[in-house]
Protein chains: 2
Amino acid sequence: MTIREAALAGKKTGLFQSCADNESMNIEDLMAGVAEGVIAIPKNIHHDFDKVIGIGKGTSTKVNANIGSSREISSVEAELEKLRVAVKAGTDTVMDLSMGGDLDEVRRGILQDCPIPLGTVPIYQAVAETVEQQGKELVEVTVDHIFKTIEKQAIDGVDFMTIHCGITRHLQQRLLRQKRIMGVVSRGGSFLLEWMSHHKKENPLYEHFDDLLAILKEHEVTLSLGDGIRPGCLADATDRNQVQELIHLGELTERAWEAGVQVIIEGPGHMPMNQITANVLLQKQMCKGAPFYVLGPLVTDIAPGYDHITGAIGGAIAGAAGADYLCYVTPAEHLKLPDIDDVHEGVIASKIAAHAADIAKGLPGAMAKDNEMAVRRNRLDWKGQIEMSLDPDKASRFREEDLSDKGPTCSMCGPYCAIQVFNRSQHNLKKEFAHAGCGNDCR
Amino acid sequence: MTIREAALAGKKTGLFQSCADNESMNIEDLMAGVAEGVIAIPKNIHHDFDKVIGIGKGTSTKVNANIGSSREISSVEAELEKLRVAVKAGTDTVMDLSMGGDLDEVRRGILQDCPIPLGTVPIYQAVAETVEQQGKELVEVTVDHIFKTIEKQAIDGVDFMTIHCGITRHLQQRLLRQKRIMGVVSRGGSFLLEWMSHHKKENPLYEHFDDLLAILKEHEVTLSLGDGIRPGCLADATDRNQVQELIHLGELTERAWEAGVQVIIEGPGHMPMNQITANVLLQKQMCKGAPFYVLGPLVTDIAPGYDHITGAIGGAIAGAAGADYLCYVTPAEHLKLPDIDDVHEGVIASKIAAHAADIAKGLPGAMAKDNEMAVRRNRLDWKGQIEMSLDPDKASRFREEDLSDKGPTCSMCGPYCAIQVFNRSQHNLKKEFAHAGCGNDCR
């Protein structure tokens, strides 16, 4: 019985209880969400980890960090270090997008150390092995190789997989009609499109969708339906191609649910701010409320080196509008493979966006830490503020760098600290109005 | 004749033409905006600088960088370096918030080198001189000293001044009624409140508002009505105190306009995302469309060290909702006086927010650079991408750090670059459908 089937059957498992505890939800609401499909709990039966989380309606907005080797930079140790940094910074999930080195070794190494759900994009491995090990062109990857890779990764314990099932031959032709500046910027999407045009065949992940579902179901892998046609620049956002793929993803969502498989929908990408809310609505309506996993979205194209910020702006707005899951973007985006500093900055920026969105969504208790921070700020309790910070190490370092005498105030205002001055003034005022006998309402 | 009076009289001055050119607006629209009060052009008659800008409706969203010395760190050279960094990063205005060292020397040094409008908060100087030079308590600052300082700074050429005229004795008592976690976090606001409760007198900047307007008018100083009661944490946002002050600011706006003085309204602060749009609407309605200058707003309190990001999220949303002018927030906010790296990061983050907002607002031409960036990305034209970047130095440095061979692709994807793969696939597809004779619409 899969997680989805258990939820539909009303079977209260330990997994649901553990997840409900982590989400501060009651188990009935959580199970109802899973049964409806509006919450996914990515948890492969072969991967044991402590922090079982729910992604979707009523849960906190989640953050994913992409790590992984490339052809130029591939070592298990480097990826484990990125994993450690991402987890410490507070990421909720990690995806291994490796395409360089021994991919099985890297993935298994990560899985062994991974205290949170791990995702992959299996077609990356099938293509990389075809090119690197077999010395062939990427279009020579076989359907069998793709499905064998999915199965191998499922057996290894991968909790969720990005699979670009929504690309079809019809959509490929449609792409010729509505011109884009950036074409297709999804790696998995571009691999499939080249394979399809080379072989003049339908997308095997669309054509053999039921076979795919059978594998995912057996090992309890959550299907993250990839948006291979997502816009790669603001100008391409919300075009007919993107929406056509989303229509397909909505149809596939219902088929996956019928098969007992949990689903997440992936979304843009690059997008002007004023289109984000409409895109979330579109996804929620057409995919029956399935959890929405957005990559950014990046709200401008002109800030390479700062796309953790352009992505945090878009992610916060998307989250507030109902997106459930934010894929981080690092400062290295569009320029290079992220290093550990980039991973750290990326996770923190996305955590800020997710947290701000939770407050805006009205998630119960979301503002408790903010309120406690405000209390400590008003007390000029520096140690307490640092403890309450999203990144205590950086807050502490900045406080250390402060050139003041580290008394109650900081070098921004020194003796002119507004908090101190205001509290003095209120003290005087209370005395004044107590003398004037103005009544309790003024004290 | 002041700028506002000239606009009302329909007198087409060189200043309007220069500003219209800089804003890519026609001069009639610009002058109509200034006459209505929905655009301000901060430009003191004693300060000559090239880049005359408009702030408000129909102009691009502007960014301000705060610099200035503190008691611990005060040198003209350090501030000139911050000015240089802020201008290079693209700030539209600068404010000198110095409270340490020889304040006249620092301000005059900055003004001499300042190619953009400069703002100040004159009460800072009056208070700092009272405390540091006269060895008195800050409440001993005299009304005469405050007004003399305003006049001196106006004669020096300060283009706009933050003055907290909206705080009143009634509002001070109201602050006792609706409790806040953070009280008052505006330095200028707290100084006035302590002065008022100590002397049991009305705010002199409210009481003698007409005298203030006379000085500002004589030297063409734009009045930036300070929000001394802005919320200092999310929990305090949009409370009765904040809105009461805004009501006063709206009334004072109309009085300033009648006197021929240009006005900008300052706004929050700290605020949950979902309150931002309502706050912009409130300001626009109650202040008759006067330009809105927001400090952030910061959308969470728990990210010290990253408040340039929390502020960029809030600023982008505020800008998209109609705010005209974003005061930057640096990573040092709440921890220390910003250094030059903090100034740089702060300006870039705010520029991203302002630019994203301009796109969302539909400002004509706002997306042109994004589109050009997308074209260059699709060509894998790295040099061209770096040129088009908001921060070419950082983009270039990251590209240099890339461990790939610096061929057409980068180490993120290497030979698996989606752009290359997709373009190959489209090429094949076009040939295929040309052979199949499927008609022009598919080519």
# chains A, B, ... in the order shown; residues from 1 in each chain; ligands from 1
$ select_by_dssp --residues "stretch 224-437 of chain B" --states "strand (DSSP E or B)" --output "list in words"
Ser224, Leu225, Val263, Ile264, Ile265, Glu266, Gly267, His270, Phe292, Tyr293, Val294, Leu295, Leu298, Tyr325, Leu326 and Cys327 of chain B
$ residues_around --residues "B:Ile116" --least-positions-apart "4" --cutoff "9 Å" --atoms "only C-alpha atoms" --output "PyMOL selection string"
chain B and resi 49-53+87+91-94
$ select_by_dssp --residues "stretch 39-92 of chain A" --states "alpha helix (DSSP H)" --output "list in words"
Val76, Glu77, Ala78, Glu79, Leu80, Glu81, Lys82, Leu83, Arg84, Val85, Ala86, Val87, Lys88 and Ala89 of chain A
$ atom_distance --atom1 "atom CA of A:Gln283" --atom2 "atom CA of A:Lys43"
23.7 Å
$ atom_distance --atom1 "atom CA of A:Ser18" --atom2 "atom CA of A:Trp257"
22.7 Å
$ closest_residue --among "A:Ser197, A:Gln262, A:Ser98, A:Asn44" --to "chain B" --atoms "only C-alpha atoms"
A:Ser197
$ closest_residue --among "B:Gly311, B:Gly407, B:Pro268, B:Pro291" --to "B:Ala323" --atoms "only C-alpha atoms"
B:Pro291
$ residues_around --residues "A:Ser60" --least-positions-apart "5" --cutoff "10 Å" --atoms "only C-alpha atoms" --output "list in words"
Asn22, Glu23, Ser24, Ile53, Gly54, Ile55, Gly319, Asp324, Tyr325, Ala354, His355, Ala357, Asp358, Ile359, Lys361, Leu363, Pro364 and Ala366 of chain A
$ atom_distance --atom1 "atom CA of B:Tyr293" --atom2 "atom CA of B:Asn279"
11.9 Å
$ residues_around --residues "B:Ala316" --least-positions-apart "3" --cutoff "8 Å" --atoms "only C-alpha atoms" --output "ChimeraX atom specification"
/A:313 /B:312-313,319-320,352-354,356-357
$ residues_around --residues "B:Leu97" --least-positions-apart "2" --cutoff "9 Å" --atoms "only C-alpha atoms" --output "ChimeraX atom specification"
/B:66-70,95,99,119-122,124-125
$ write_last_selection --atoms "N, CA and C atoms" --output "PDB file, in the first residue's frame"
ATOM      1  N   ASN B  66      21.787  55.125   1.756  1.00  0.00           N
ATOM      2  CA  ASN B  66      22.178  55.902   2.928  1.00  0.00           C
ATOM      3  C   ASN B  66      23.656  55.694   3.203  1.00  0.00           C
ATOM      4  N   ILE B  67      24.380  56.800   3.350  1.00  0.00           N
ATOM      5  CA  ILE B  67      25.756  56.701   3.817  1.00  0.00           C
ATOM      6  C   ILE B  67      25.859  57.614   5.033  1.00  0.00           C
ATOM      7  N   GLY B  68      27.059  57.806   5.554  1.00  0.00           N
ATOM      8  CA  GLY B  68      27.206  58.719   6.682  1.00  0.00           C
ATOM      9  C   GLY B  68      28.057  58.141   7.787  1.00  0.00           C
ATOM     10  N   SER B  69      28.691  59.051   8.499  1.00  0.00           N
ATOM     11  CA  SER B  69      29.594  58.674   9.579  1.00  0.00           C
ATOM     12  C   SER B  69      28.812  58.368  10.848  1.00  0.00           C
ATOM     13  N   SER B  70      29.476  57.705  11.780  1.00  0.00           N
ATOM     14  CA  SER B  70      28.890  57.526  13.110  1.00  0.00           C
ATOM     15  C   SER B  70      29.936  57.970  14.118  1.00  0.00           C
ATOM     16  N   MET B  95      21.702  59.616   0.665  1.00  0.00           N
ATOM     17  CA  MET B  95      21.432  60.418   1.860  1.00  0.00           C
ATOM     18  C   MET B  95      22.642  60.357   2.779  1.00  0.00           C
ATOM     19  N   MET B  99      26.357  61.288  11.872  1.00  0.00           N
ATOM     20  CA  MET B  99      26.199  61.811  13.228  1.00  0.00           C
ATOM     21  C   MET B  99      27.529  61.868  13.970  1.00  0.00           C
ATOM     22  N   GLY B 119      20.267  63.833   0.008  1.00  0.00           N
ATOM     23  CA  GLY B 119      19.319  64.097   1.085  1.00  0.00           C
ATOM     24  C   GLY B 119      19.992  64.032   2.445  1.00  0.00           C
ATOM     25  N   THR B 120      19.340  64.629   3.445  1.00  0.00           N
ATOM     26  CA  THR B 120      19.842  64.576   4.826  1.00  0.00           C
ATOM     27  C   THR B 120      18.656  64.469   5.785  1.00  0.00           C
ATOM     28  N   VAL B 121      18.976  64.267   7.062  1.00  0.00           N
ATOM     29  CA  VAL B 121      17.992  64.345   8.143  1.00  0.00           C
ATOM     30  C   VAL B 121      18.543  65.392   9.108  1.00  0.00           C
ATOM     31  N   PRO B 122      18.177  66.669   8.917  1.00  0.00           N
ATOM     32  CA  PRO B 122      18.872  67.749   9.634  1.00  0.00           C
ATOM     33  C   PRO B 122      18.849  67.620  11.154  1.00  0.00           C
ATOM     34  N   TYR B 124      19.484  65.216  12.893  1.00  0.00           N
ATOM     35  CA  TYR B 124      20.660  64.454  13.344  1.00  0.00           C
ATOM     36  C   TYR B 124      21.801  65.404  13.711  1.00  0.00           C
ATOM     37  N   GLN B 125      22.026  66.393  12.840  1.00  0.00           N
ATOM     38  CA  GLN B 125      23.146  67.306  13.098  1.00  0.00           C
ATOM     39  C   GLN B 125      22.883  68.164  14.335  1.00  0.00           C
TER      40      GLN B 125
END
$ residues_around --residues "A:Met271" --least-positions-apart "6" --cutoff "12 Å" --atoms "only C-alpha atoms" --output "MDAnalysis selection string"
(chainID A and resid 230:239 242 277:280 294:301 310:311 313:315 317:318) or (chainID B and resid 356 359:360 367 370:371)
$ closest_residue --among "A:His145, A:Arg397, A:His46, A:His344" --to "chain B" --atoms "only C-alpha atoms"
A:Arg397
$ closest_residue --among "A:Glu72, A:Glu258, A:Glu81, A:Glu345" --to "chain B" --atoms "only C-alpha atoms"
A:Glu72
$ closest_residue --among "B:Ser411, B:Asn241, B:Thr149, B:Gln172" --to "chain A" --atoms "only C-alpha atoms"
B:Ser411
$ closest_residue --among "B:Leu429, B:Ala154, B:Val127, B:Leu246" --to "B:Glu194" --atoms "only C-alpha atoms"
B:Val127
$ residues_around --residues "A:Ser389" --least-positions-apart "3" --cutoff "9 Å" --atoms "only C-alpha atoms" --output "short mmCIF file (atom, residue, chain, number, x, y, z; two decimals) with all heavy atoms, in the first residue's frame"
data_model
loop_
_atom_site.label_atom_id
_atom_site.label_comp_id
_atom_site.auth_asym_id
_atom_site.auth_seq_id
_atom_site.Cartn_x
_atom_site.Cartn_y
_atom_site.Cartn_z
N LYS A 369 8.65 33.42 15.41
CA LYS A 369 10.08 33.73 15.52
C LYS A 369 10.34 35.21 15.26
O LYS A 369 11.21 35.81 15.89
CB LYS A 369 10.89 32.88 14.53
CG LYS A 369 11.04 31.43 14.96
CD LYS A 369 11.86 30.63 13.96
CE LYS A 369 13.35 30.68 14.25
NZ LYS A 369 14.13 29.81 13.32
N MET A 373 12.07 37.69 17.86
CA MET A 373 13.22 38.52 17.46
C MET A 373 12.97 39.98 17.83
O MET A 373 13.85 40.67 18.34
CB MET A 373 13.46 38.39 15.95
CG MET A 373 14.55 39.31 15.42
SD MET A 373 16.21 38.88 16.02
CE MET A 373 16.75 37.82 14.68
N GLY A 384 20.65 37.04 22.16
CA GLY A 384 19.33 36.49 21.85
C GLY A 384 18.94 36.70 20.40
O GLY A 384 18.30 35.85 19.77
N GLN A 385 19.32 37.86 19.84
CA GLN A 385 19.01 38.13 18.44
C GLN A 385 19.77 37.18 17.52
O GLN A 385 19.24 36.68 16.53
CB GLN A 385 19.40 39.57 18.07
CG GLN A 385 18.52 40.64 18.69
CD GLN A 385 19.04 42.04 18.37
OE1 GLN A 385 19.14 42.41 17.21
NE2 GLN A 385 19.37 42.81 19.38
N ILE A 386 21.03 36.97 17.87
CA ILE A 386 21.85 36.08 17.03
C ILE A 386 21.29 34.67 17.05
O ILE A 386 21.17 34.02 16.01
CB ILE A 386 23.33 36.14 17.49
CG1 ILE A 386 23.92 37.50 17.09
CG2 ILE A 386 24.15 34.99 16.90
CD1 ILE A 386 25.23 37.85 17.75
N PRO A 392 22.81 32.32 12.17
CA PRO A 392 23.47 32.88 13.36
C PRO A 392 24.96 33.15 13.13
O PRO A 392 25.51 34.10 13.69
CB PRO A 392 23.27 31.79 14.42
CG PRO A 392 22.13 30.97 13.93
CD PRO A 392 22.20 31.02 12.44
N ASP A 393 25.61 32.34 12.29
CA ASP A 393 27.04 32.55 12.06
C ASP A 393 27.31 33.91 11.42
O ASP A 393 28.21 34.63 11.83
CB ASP A 393 27.61 31.45 11.14
CG ASP A 393 27.59 30.08 11.82
OD1 ASP A 393 27.43 30.04 13.06
OD2 ASP A 393 27.72 29.07 11.11
N LYS A 394 26.51 34.25 10.40
CA LYS A 394 26.75 35.54 9.74
C LYS A 394 26.37 36.69 10.65
O LYS A 394 27.09 37.69 10.74
CB LYS A 394 25.96 35.63 8.43
CG LYS A 394 26.30 36.90 7.65
CD LYS A 394 25.66 36.94 6.27
CE LYS A 394 26.12 38.19 5.50
NZ LYS A 394 25.42 38.32 4.20
N ALA A 395 25.24 36.57 11.35
CA ALA A 395 24.82 37.64 12.26
C ALA A 395 25.89 37.87 13.32
O ALA A 395 26.25 39.00 13.64
CB ALA A 395 23.49 37.29 12.90
N ASP B 301 11.63 39.46 10.11
CA ASP B 301 12.56 40.03 11.09
C ASP B 301 13.70 39.10 11.44
O ASP B 301 14.58 39.46 12.22
CB ASP B 301 11.79 40.37 12.39
CG ASP B 301 10.80 41.50 12.17
OD1 ASP B 301 11.11 42.42 11.39
OD2 ASP B 301 9.70 41.45 12.76
N ILE B 302 13.69 37.88 10.90
CA ILE B 302 14.64 36.88 11.41
C ILE B 302 15.88 36.70 10.53
O ILE B 302 16.60 35.73 10.68
CB ILE B 302 13.97 35.50 11.61
CG1 ILE B 302 13.47 34.93 10.27
CG2 ILE B 302 12.85 35.59 12.63
CD1 ILE B 302 13.11 33.44 10.36
N ALA B 303 16.14 37.66 9.64
CA ALA B 303 17.27 37.45 8.73
C ALA B 303 18.33 38.54 8.81
O ALA B 303 18.79 39.03 7.79
CB ALA B 303 16.75 37.29 7.30
N PRO B 304 18.79 38.91 10.03
CA PRO B 304 19.88 39.89 10.08
C PRO B 304 21.09 39.33 9.33
O PRO B 304 21.39 38.14 9.42
CB PRO B 304 20.17 40.04 11.57
CG PRO B 304 19.56 38.86 12.24
CD PRO B 304 18.39 38.46 11.38
N GLY B 305 21.76 40.20 8.59
CA GLY B 305 22.86 39.77 7.72
C GLY B 305 22.38 39.63 6.28
O GLY B 305 23.18 39.59 5.35
#
